[in-house]
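Novice: Contents of final.txt (compact mmCIF, C-alpha atoms):
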# COMPACT_ATOMS: atom_id res chain seq x y z
CA MET A 1 209.71 90.02 14.07
CA SER A 2 207.55 91.75 16.64
CA THR A 3 208.17 95.23 18.00
CA LEU A 4 207.52 95.99 21.60
CA ILE A 5 205.86 99.35 22.18
CA ALA A 6 206.16 100.76 25.68
CA PRO A 7 202.90 102.14 26.97
CA VAL A 8 202.87 105.91 27.17
CA GLU A 9 202.00 107.11 30.59
CA ALA A 10 199.60 110.01 30.60
CA SER A 11 201.00 113.00 32.41
CA PRO A 12 198.95 114.00 35.39
CA ALA A 13 196.54 116.79 34.55
CA ALA A 14 197.46 120.15 35.96
CA PRO A 15 195.14 121.18 38.73
CA ALA A 16 192.44 123.46 37.46
CA ARG A 17 192.69 127.06 38.63
CA PRO A 18 189.83 128.07 40.84
CA ALA A 19 187.29 130.19 39.04
CA TYR A 20 186.90 133.58 40.64
CA ARG A 21 183.67 135.38 39.96
CA VAL A 22 183.22 139.11 40.12
CA THR A 23 180.44 139.59 42.62
CA GLY A 24 179.00 142.68 44.23
CA ARG A 25 180.32 141.66 47.63
CA ARG A 26 183.85 141.27 46.31
CA VAL A 27 183.76 144.61 44.51
CA LEU A 28 182.56 146.27 47.71
CA ALA A 29 185.35 144.57 49.67
CA SER A 30 187.99 145.76 47.20
CA GLU A 31 186.73 149.34 47.30
CA TRP A 32 186.66 149.21 51.10
CA ALA A 33 190.29 148.06 51.14
CA LYS A 34 191.37 150.74 48.66
CA LEU A 35 189.62 153.49 50.63
CA TRP A 36 191.37 152.71 53.91
CA SER A 37 194.76 152.12 52.27
CA LEU A 38 195.07 155.84 51.44
CA ARG A 39 196.57 158.23 53.97
CA SER A 40 194.33 161.02 52.64
CA THR A 41 191.27 159.07 53.82
CA TRP A 42 192.35 159.14 57.45
CA ILE A 43 193.46 162.78 57.31
CA THR A 44 190.37 164.12 55.55
CA LEU A 45 187.89 162.15 57.64
CA GLY A 46 189.69 163.37 60.74
CA LEU A 47 189.42 166.95 59.52
CA GLY A 48 185.72 166.52 58.81
CA LEU A 49 185.12 165.19 62.31
CA LEU A 50 187.29 167.95 63.79
CA PHE A 51 185.38 170.65 61.93
CA LEU A 52 182.04 169.37 63.19
CA VAL A 53 183.06 169.15 66.83
CA ALA A 54 185.44 172.10 67.06
CA PHE A 55 183.27 174.66 65.30
CA GLY A 56 180.20 173.46 67.18
CA LEU A 57 181.98 174.01 70.51
CA ILE A 58 183.35 177.37 69.38
CA ALA A 59 179.85 178.53 68.44
CA ALA A 60 178.44 177.32 71.78
CA ASN A 61 181.20 179.11 73.71
CA HIS A 62 180.65 182.28 71.70
CA TYR A 63 176.94 182.19 72.47
CA GLN A 64 177.59 181.57 76.17
CA SER A 65 180.02 184.49 76.39
CA GLY A 66 177.50 186.77 74.69
CA ILE A 67 174.82 185.78 77.19
CA GLY A 68 177.20 186.45 80.08
CA SER A 69 178.23 189.87 78.80
CA GLY A 70 174.70 190.94 77.88
CA ARG A 71 175.79 191.86 74.33
CA GLN A 72 174.48 189.05 72.18
CA GLU A 73 175.07 189.35 68.43
CA ARG A 74 172.06 189.46 66.13
CA ASP A 75 173.04 186.24 64.36
CA PHE A 76 173.01 184.37 67.69
CA ALA A 77 169.83 185.95 69.10
CA THR A 78 167.59 183.04 68.07
CA ALA A 79 170.24 180.31 68.22
CA THR A 80 169.49 176.90 69.71
CA ALA A 81 171.74 174.11 70.90
CA VAL A 82 171.00 172.33 67.62
CA SER A 83 171.93 175.25 65.35
CA LEU A 84 175.07 175.91 67.39
CA SER A 85 176.18 172.27 67.27
CA LEU A 86 175.67 172.18 63.49
CA PHE A 87 177.72 175.32 62.92
CA GLY A 88 180.58 173.25 61.50
CA THR A 89 178.46 171.44 58.91
CA ASN A 90 179.41 173.85 56.11
CA PHE A 91 183.10 173.19 56.76
CA ALA A 92 182.73 169.43 57.17
CA GLN A 93 180.82 169.12 53.90
CA LEU A 94 183.83 170.46 52.03
CA ALA A 95 186.19 167.94 53.65
CA LEU A 96 183.89 164.98 52.97
CA GLY A 97 182.95 166.16 49.48
CA VAL A 98 186.59 166.68 48.51
CA LEU A 99 187.48 163.19 49.75
CA GLY A 100 184.60 161.80 47.69
CA VAL A 101 186.10 163.43 44.59
CA LEU A 102 189.51 161.94 45.42
CA VAL A 103 188.02 158.45 45.79
CA THR A 104 187.15 158.33 42.09
CA ALA A 105 189.14 161.05 40.31
CA GLY A 106 192.29 160.00 42.14
CA GLU A 107 192.27 156.67 40.29
CA TYR A 108 192.11 158.48 36.95
CA SER A 109 195.06 160.72 37.84
CA THR A 110 197.22 157.74 38.83
CA GLY A 111 196.03 155.41 36.06
CA MET A 112 194.85 152.81 38.56
CA ILE A 113 191.38 152.98 37.05
CA ARG A 114 192.61 150.78 34.16
CA SER A 115 193.45 147.96 36.55
CA THR A 116 190.16 148.42 38.36
CA LEU A 117 188.07 148.21 35.19
CA THR A 118 190.11 145.28 33.90
CA ALA A 119 189.17 143.37 37.04
CA VAL A 120 185.54 144.55 36.83
CA PRO A 121 184.82 144.89 33.09
CA ARG A 122 181.15 145.69 33.58
CA ARG A 123 182.26 149.06 35.04
CA LEU A 124 179.06 150.21 36.72
CA PRO A 125 179.51 147.99 39.82
CA VAL A 126 182.73 149.94 40.46
CA LEU A 127 180.84 153.24 40.58
CA TRP A 128 178.03 151.87 42.75
CA SER A 129 180.51 150.28 45.15
CA LYS A 130 182.64 153.41 45.48
CA ALA A 131 179.56 155.56 46.11
CA ALA A 132 178.06 153.10 48.61
CA VAL A 133 181.27 152.53 50.56
CA PHE A 134 182.26 156.15 50.87
CA GLY A 135 178.67 157.33 51.36
CA LEU A 136 178.27 155.03 54.36
CA VAL A 137 181.63 156.10 55.80
CA ALA A 138 180.74 159.78 55.40
CA LEU A 139 177.33 159.12 56.95
CA ALA A 140 178.92 157.45 59.98
CA VAL A 141 181.52 160.19 60.47
CA GLY A 142 178.97 162.97 60.02
CA THR A 143 176.43 161.43 62.38
CA LEU A 144 179.08 160.79 65.03
CA GLY A 145 180.38 164.33 64.73
CA VAL A 146 177.03 166.10 65.05
CA PHE A 147 175.95 164.04 68.05
CA VAL A 148 179.26 164.64 69.84
CA ALA A 149 179.05 168.37 69.05
CA PHE A 150 175.47 168.54 70.29
CA LEU A 151 176.06 166.63 73.53
CA ALA A 152 179.16 168.69 74.37
CA GLY A 153 177.62 171.98 73.25
CA SER A 154 174.46 171.35 75.26
CA GLN A 155 176.56 171.28 78.42
CA ILE A 156 178.07 174.66 77.53
CA VAL A 157 174.73 176.42 76.87
CA SER A 158 172.90 174.71 79.73
CA GLY A 159 170.72 177.18 81.59
CA THR A 160 170.46 179.59 78.63
CA PRO A 161 167.55 180.15 76.23
CA ALA A 162 169.36 177.97 73.69
CA ALA A 163 169.46 174.93 75.97
CA MET A 164 167.92 171.78 74.48
CA GLY A 165 168.14 168.04 75.01
CA LEU A 166 167.73 164.98 72.84
CA SER A 167 164.18 164.61 74.14
CA HIS A 168 163.10 167.95 72.65
CA ALA A 169 160.91 167.71 69.57
CA GLY A 170 162.83 167.61 66.32
CA VAL A 171 166.32 167.41 67.83
CA VAL A 172 167.13 163.81 66.91
CA ARG A 173 165.57 164.29 63.48
CA SER A 174 167.78 167.35 62.87
CA LEU A 175 170.96 165.59 63.95
CA LEU A 176 170.23 162.50 61.87
CA GLY A 177 169.32 164.73 58.95
CA ALA A 178 172.68 166.50 59.20
CA GLY A 179 174.51 163.16 59.19
CA LEU A 180 172.51 161.97 56.18
CA TYR A 181 173.20 165.25 54.38
CA LEU A 182 176.95 164.84 54.85
CA GLY A 183 176.76 161.24 53.66
CA LEU A 184 174.98 162.31 50.47
CA VAL A 185 177.51 165.10 49.92
CA GLY A 186 180.18 162.40 49.95
CA VAL A 187 178.24 160.45 47.31
CA ILE A 188 177.90 163.57 45.14
CA GLY A 189 181.65 164.15 45.44
CA THR A 190 182.27 160.57 44.33
CA ALA A 191 179.96 161.02 41.35
CA LEU A 192 181.59 164.32 40.32
CA GLY A 193 185.03 162.71 40.45
CA ALA A 194 183.87 159.93 38.13
CA LEU A 195 182.03 162.34 35.84
CA LEU A 196 184.81 164.90 35.39
CA ARG A 197 187.78 162.54 35.96
CA SER A 198 189.74 165.46 37.38
CA VAL A 199 190.44 166.19 41.02
CA ALA A 200 190.63 169.96 40.45
CA GLY A 201 187.53 169.97 38.24
CA GLY A 202 185.47 167.87 40.65
CA ILE A 203 186.39 170.00 43.66
CA SER A 204 185.67 173.21 41.73
CA VAL A 205 182.19 172.06 40.70
CA LEU A 206 181.46 170.81 44.22
CA VAL A 207 182.43 174.12 45.86
CA ALA A 208 180.52 176.09 43.24
CA ALA A 209 177.35 174.03 43.68
CA LEU A 210 177.37 174.14 47.48
CA MET A 211 178.72 177.62 48.18
CA LEU A 212 179.01 179.92 45.15
CA VAL A 213 175.72 179.36 43.31
CA PRO A 214 173.52 180.32 46.33
CA GLY A 215 175.37 183.64 46.51
CA LEU A 216 174.85 184.28 42.82
CA ILE A 217 171.15 183.47 43.08
CA SER A 218 170.82 186.28 45.63
CA LEU A 219 171.55 188.74 42.79
CA LEU A 220 168.39 187.71 40.95
CA PRO A 221 165.01 189.43 41.43
CA SER A 222 163.20 188.47 44.61
CA SER A 223 160.45 186.58 42.79
CA TRP A 224 163.07 184.43 41.06
CA GLN A 225 164.93 183.83 44.30
CA ASP A 226 161.80 182.53 46.03
CA ASN A 227 161.19 180.03 43.23
CA ILE A 228 164.78 178.84 42.73
CA SER A 229 166.61 179.16 46.04
CA PRO A 230 164.82 176.42 48.03
CA TYR A 231 165.69 173.84 45.37
CA LEU A 232 169.43 174.49 45.25
CA PRO A 233 171.49 171.57 46.62
CA SER A 234 172.83 173.43 49.66
CA ASN A 235 169.47 174.97 50.61
CA ALA A 236 167.55 171.74 50.10
CA GLY A 237 170.15 169.94 52.19
CA GLU A 238 169.97 172.55 54.93
CA SER A 239 166.21 172.09 55.17
CA MET A 240 166.87 168.41 55.99
CA PHE A 241 168.41 169.33 59.36
CA ALA A 242 166.88 172.73 60.13
CA LEU A 243 164.92 172.67 63.37
CA THR A 244 162.37 175.25 62.24
CA HIS A 245 161.02 176.10 58.80
CA ASP A 246 159.14 178.99 57.17
CA SER A 247 157.45 179.71 53.86
CA THR A 248 160.79 180.28 52.09
CA THR A 249 162.25 176.86 52.94
CA LEU A 250 161.29 173.29 52.16
CA ALA A 251 159.97 170.82 54.71
CA PRO A 252 162.50 168.19 55.85
CA GLY A 253 160.93 165.45 53.73
CA ALA A 254 160.73 167.65 50.63
CA GLY A 255 164.31 168.82 51.15
CA LEU A 256 165.46 165.20 51.37
CA LEU A 257 163.69 164.32 48.11
CA VAL A 258 165.19 167.31 46.30
CA PHE A 259 168.70 166.56 47.56
CA LEU A 260 168.30 162.90 46.64
CA GLY A 261 167.31 164.09 43.17
CA TRP A 262 170.56 166.04 42.84
CA THR A 263 172.49 163.01 44.06
CA VAL A 264 170.82 160.69 41.54
CA LEU A 265 171.44 163.23 38.76
CA ALA A 266 175.17 163.34 39.56
CA LEU A 267 175.39 159.54 39.72
CA ALA A 268 173.48 159.19 36.44
CA GLY A 269 175.92 161.54 34.68
CA ALA A 270 178.89 159.64 36.10
CA ALA A 271 177.39 156.27 35.07
CA TYR A 272 176.70 157.50 31.53
CA ARG A 273 180.26 158.70 30.99
CA LEU A 274 181.77 155.62 32.59
CA VAL A 275 179.89 153.35 30.20
CA ARG A 276 180.13 155.48 27.05
CA SER A 277 183.73 156.72 27.09
CA ASP A 278 187.14 155.12 27.40
CA VAL A 279 189.34 155.54 30.44
Would you give me this structure, written as structure tokens?
Specialist:
Amino acid sequence: MSTLIAPVEASPAAPARPAYRVTGRRVLASEWAKLWSLRSTWITLGLGLLFLVAFGLIAANHYQSGIGSGRQERDFATATAVSLSLFGTNFAQLALGVLGVLVTAGEYSTGMIRSTLTAVPRRLPVLWSKAAVFGLVALAVGTLGVFVAFLAGSQIVSGTPAAMGLSHAGVVRSLLGAGLYLGLVGVIGTALGALLRSVAGGISVLVAALMLVPGLISLLPSSWQDNISPYLPSNAGESMFALTHDSTTLAPGAGLLVFLGWTVLALAGAAYRLVRSDV
């Protein structure tokens, strides 16, 4: 007796899932999306731009009123349209630096960093992408702000000893240097957030490095001040966009190299901790 065996039909193979690779472009795109999805990004960038333009115009109006009254203050005696338009840089650097800290430390406070590093297990591309994305955004905002402040402020001080135009020697270099300085401050803030993993800690170190340490250095003997002060982050950064220089300050190129050194040092510390310690 023969037995009939029905042929077994092979079930159709399930379609293979597309393989997604973690690439630098995709990591950059994800960090770009995360940056603009936060309300704090729009608010803080707006404040940074407002500080640059508003304080630049206030300084220009104050100078103009002093010229008109004949009682110019000593601090404004040698002011130029460039120095007046950059009056808000010290305030804008805090806004952009704080936002840089939030970009990285904020993910640690919410726990989102675990999801981020699960998607990008190599870790370091996350840090480079965050620093690059926010650094470029801070650079664009800072450059836009200083040029708007200068163009508007130049109209206010027109006809005074401080009057200058874009064609004057060193003006464009100073404005671009100020924008680059603010962009690098944003990168340093990003690095401090990743290094300390604390919003409060990152902001505290940022404010201390840019504002408190220069004041403390002034308490040292004069010979020490002359050797240390030009190489502090804030002073080296200021030399990047200063229109004139003397023997106590660095040249623009040297100031840029020193400030880049501080930026690389902060990023190196952040990279080391990101690789060596758990989240």
Novice: Could you pull the residues within 7 Å of stretch 256-264 of chain A, counting only C-alpha atoms, minus those fewer than 4 positions along the same chain, as a PDB file with C-alpha atoms, in the coordinates of the input?
Specialist:
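Final output, saved to result04.pdb:
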ATOM      1  CA  LEU A 184     174.980 162.310  50.470  1.00  0.00           C
ATOM      2  CA  ILE A 188     177.900 163.570  45.140  1.00  0.00           C
ATOM      3  CA  TYR A 231     165.690 173.840  45.370  1.00  0.00           C
ATOM      4  CA  PRO A 233     171.490 171.570  46.620  1.00  0.00           C
ATOM      5  CA  ALA A 236     167.550 171.740  50.100  1.00  0.00           C
ATOM      6  CA  GLY A 237     170.150 169.940  52.190  1.00  0.00           C
ATOM      7  CA  MET A 240     166.870 168.410  55.990  1.00  0.00           C
ATOM      8  CA  PRO A 252     162.500 168.190  55.850  1.00  0.00           C
ATOM      9  CA  ALA A 268     173.480 159.190  36.440  1.00  0.00           C
TER      10      ALA A 268
END
Novice: Please build the interface table for stretch 168-208 of chain A against stretch 101-125 of chain A with a cut-off of 8 Å, listing for each qualifying residue the nearest atom pair and the distance in Å to one decimal; count all atoms listed in the file, order rows by chain and increasing number, and write it as CSV.
Specialist:
residue,atom,partner,partner_atom,distance
A:Gly189,CA,A:Val101,CA,4.6
A:Thr190,CA,A:Val101,CA,4.8
A:Ala191,CA,A:Val101,CA,7.3
A:Leu192,CA,A:Val101,CA,6.3
A:Gly193,CA,A:Val101,CA,4.3
A:Ala194,CA,A:Thr104,CA,5.4
A:Leu196,CA,A:Ala105,CA,7.6
A:Arg197,CA,A:Ala105,CA,4.8
A:Ser198,CA,A:Ala105,CA,5.3
A:Val199,CA,A:Ala105,CA,5.3
A:Gly202,CA,A:Val101,CA,6.0
A:Ile203,CA,A:Val101,CA,6.6
Novice: Place a sphere of radius 12 Å on (172.3, 173.0, 78.3) in the file coordinates and name every protein, DNA or RNA residue with an atom inside or on its surface, counting all atoms listed in the file; give the answer as a ChimeraX atom specification.
Specialist: /A:60-61,63-64,80-82,84-85,150-166,168
Novice: Go through A:Ser234, A:Gly145, A:Val98, A:Val172 one by one, measure the shortest atom-to-atom distance of each to A:Gly201 using only C-alpha atoms, and give the residue with the smallest value.
Specialist: A:Val98
Novice: Between atom CA of A:Val187 and atom CA of A:Ala251, what is the spacing in Å?
Specialist: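 Separation between atom CA of A:Ala251 and atom CA of A:Val187: 22.3 Å.
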Novice: Can you tell me, as a PyMOL selection string, which residues sit within 12 Å of (186.2, 170.5, 64.9) in the file's frame, using only C-alpha atoms?
Specialist: chain A and resi 45-59+85-92+95+142+145-146+148-149+152
Novice: Would you list the contacts of stretch 27-38 of chain A as a list in words, taking every protein, DNA or RNA residue within 7 Å and counting all atoms listed in the file, but skipping same-chain residues closer than 4 positions in sequence?
Specialist: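 Those residues are Thr23, Val126, Ser129, Lys130 and Val133 of chain A.
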Novice: Please produce a file of those selected residues containing C-alpha atoms, as a PDB file, keeping the file's coordinate frame.
Specialist:
ATOM      1  CA  THR A  23     180.440 139.590  42.620  1.00  0.00           C
ATOM      2  CA  VAL A 126     182.730 149.940  40.460  1.00  0.00           C
ATOM      3  CA  SER A 129     180.510 150.280  45.150  1.00  0.00           C
ATOM      4  CA  LYS A 130     182.640 153.410  45.480  1.00  0.00           C
ATOM      5  CA  VAL A 133     181.270 152.530  50.560  1.00  0.00           C
TER       6      VAL A 133
END
Novice: Work out how far atom CA of A:Leu175 is from atom CA of A:Thr244, in Å to one decimal.
Specialist: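 For atom CA of A:Thr244 relative to atom CA of A:Leu175, the distance reads 13.0 Å.
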Novice: Counting all atoms listed in the file, what is within 8 Å of A:Ser229, bar same-chain residues fewer than 3 positions away, as a PyMOL selection string?
Specialist: chain A and resi 214+217+225-226+232+235
Novice: Which residue out of A:Leu182, A:Ala79, A:Leu127, A:Ala208 has the minimum interatomic distance to A:Tyr272 when all atoms listed in the file are used?
Specialist: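 Checking each candidate against A:Tyr272, we get A:Leu127 as the closest.
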Novice: Since the input lacks some atoms of stretch 35-51 of chain A, please model N, CA, C and O atoms and print them as a PDB file, in the frame of the given file.
Specialist:
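Here's the written file result.pdb:
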ATOM      1  N   LEU A  35     189.924 152.244  49.906  1.00  0.00           N
ATOM      2  CA  LEU A  35     189.620 153.490  50.630  1.00  0.00           C
ATOM      3  C   LEU A  35     190.501 153.652  51.848  1.00  0.00           C
ATOM      4  O   LEU A  35     191.080 154.717  52.076  1.00  0.00           O
ATOM      5  N   TRP A  36     190.632 152.597  52.649  1.00  0.00           N
ATOM      6  CA  TRP A  36     191.370 152.710  53.910  1.00  0.00           C
ATOM      7  C   TRP A  36     192.875 152.548  53.720  1.00  0.00           C
ATOM      8  O   TRP A  36     193.638 152.719  54.681  1.00  0.00           O
ATOM      9  N   SER A  37     193.318 152.218  52.509  1.00  0.00           N
ATOM     10  CA  SER A  37     194.760 152.120  52.270  1.00  0.00           C
ATOM     11  C   SER A  37     195.389 153.477  51.973  1.00  0.00           C
ATOM     12  O   SER A  37     196.614 153.590  51.930  1.00  0.00           O
ATOM     13  N   LEU A  38     194.565 154.509  51.775  1.00  0.00           N
ATOM     14  CA  LEU A  38     195.070 155.840  51.440  1.00  0.00           C
ATOM     15  C   LEU A  38     195.217 156.681  52.708  1.00  0.00           C
ATOM     16  O   LEU A  38     194.315 156.731  53.549  1.00  0.00           O
ATOM     17  N   ARG A  39     196.349 157.362  52.815  1.00  0.00           N
ATOM     18  CA  ARG A  39     196.570 158.230  53.970  1.00  0.00           C
ATOM     19  C   ARG A  39     195.598 159.417  53.950  1.00  0.00           C
ATOM     20  O   ARG A  39     195.171 159.902  54.991  1.00  0.00           O
ATOM     21  N   SER A  40     195.238 159.878  52.744  1.00  0.00           N
ATOM     22  CA  SER A  40     194.330 161.020  52.640  1.00  0.00           C
ATOM     23  C   SER A  40     192.974 160.713  53.240  1.00  0.00           C
ATOM     24  O   SER A  40     192.278 161.627  53.713  1.00  0.00           O
ATOM     25  N   THR A  41     192.557 159.441  53.229  1.00  0.00           N
ATOM     26  CA  THR A  41     191.270 159.070  53.820  1.00  0.00           C
ATOM     27  C   THR A  41     191.257 159.378  55.305  1.00  0.00           C
ATOM     28  O   THR A  41     190.329 160.021  55.817  1.00  0.00           O
ATOM     29  N   TRP A  42     192.287 158.924  56.012  1.00  0.00           N
ATOM     30  CA  TRP A  42     192.350 159.140  57.450  1.00  0.00           C
ATOM     31  C   TRP A  42     192.451 160.629  57.780  1.00  0.00           C
ATOM     32  O   TRP A  42     191.797 161.123  58.705  1.00  0.00           O
ATOM     33  N   ILE A  43     193.264 161.351  57.026  1.00  0.00           N
ATOM     34  CA  ILE A  43     193.460 162.780  57.310  1.00  0.00           C
ATOM     35  C   ILE A  43     192.176 163.557  57.060  1.00  0.00           C
ATOM     36  O   ILE A  43     191.754 164.374  57.891  1.00  0.00           O
ATOM     37  N   THR A  44     191.545 163.329  55.914  1.00  0.00           N
ATOM     38  CA  THR A  44     190.370 164.120  55.550  1.00  0.00           C
ATOM     39  C   THR A  44     189.167 163.782  56.416  1.00  0.00           C
ATOM     40  O   THR A  44     188.402 164.675  56.810  1.00  0.00           O
ATOM     41  N   LEU A  45     188.981 162.507  56.731  1.00  0.00           N
ATOM     42  CA  LEU A  45     187.890 162.150  57.640  1.00  0.00           C
ATOM     43  C   LEU A  45     188.129 162.742  59.023  1.00  0.00           C
ATOM     44  O   LEU A  45     187.184 163.204  59.683  1.00  0.00           O
ATOM     45  N   GLY A  46     189.377 162.736  59.460  1.00  0.00           N
ATOM     46  CA  GLY A  46     189.690 163.370  60.740  1.00  0.00           C
ATOM     47  C   GLY A  46     189.407 164.848  60.731  1.00  0.00           C
ATOM     48  O   GLY A  46     188.889 165.405  61.713  1.00  0.00           O
ATOM     49  N   LEU A  47     189.716 165.518  59.617  1.00  0.00           N
ATOM     50  CA  LEU A  47     189.420 166.950  59.520  1.00  0.00           C
ATOM     51  C   LEU A  47     187.916 167.201  59.527  1.00  0.00           C
ATOM     52  O   LEU A  47     187.439 168.147  60.155  1.00  0.00           O
ATOM     53  N   GLY A  48     187.169 166.356  58.805  1.00  0.00           N
ATOM     54  CA  GLY A  48     185.720 166.520  58.810  1.00  0.00           C
ATOM     55  C   GLY A  48     185.130 166.383  60.200  1.00  0.00           C
ATOM     56  O   GLY A  48     184.270 167.173  60.608  1.00  0.00           O
ATOM     57  N   LEU A  49     185.589 165.382  60.937  1.00  0.00           N
ATOM     58  CA  LEU A  49     185.120 165.190  62.310  1.00  0.00           C
ATOM     59  C   LEU A  49     185.557 166.344  63.199  1.00  0.00           C
ATOM     60  O   LEU A  49     184.787 166.830  64.039  1.00  0.00           O
ATOM     61  N   LEU A  50     186.779 166.818  63.012  1.00  0.00           N
ATOM     62  CA  LEU A  50     187.290 167.950  63.790  1.00  0.00           C
ATOM     63  C   LEU A  50     186.481 169.205  63.521  1.00  0.00           C
ATOM     64  O   LEU A  50     186.146 169.954  64.456  1.00  0.00           O
ATOM     65  N   PHE A  51     186.161 169.464  62.266  1.00  0.00           N
ATOM     66  CA  PHE A  51     185.380 170.650  61.930  1.00  0.00           C
ATOM     67  C   PHE A  51     184.016 170.638  62.612  1.00  0.00           C
ATOM     68  O   PHE A  51     183.562 171.654  63.143  1.00  0.00           O
TER      69      PHE A  51
END
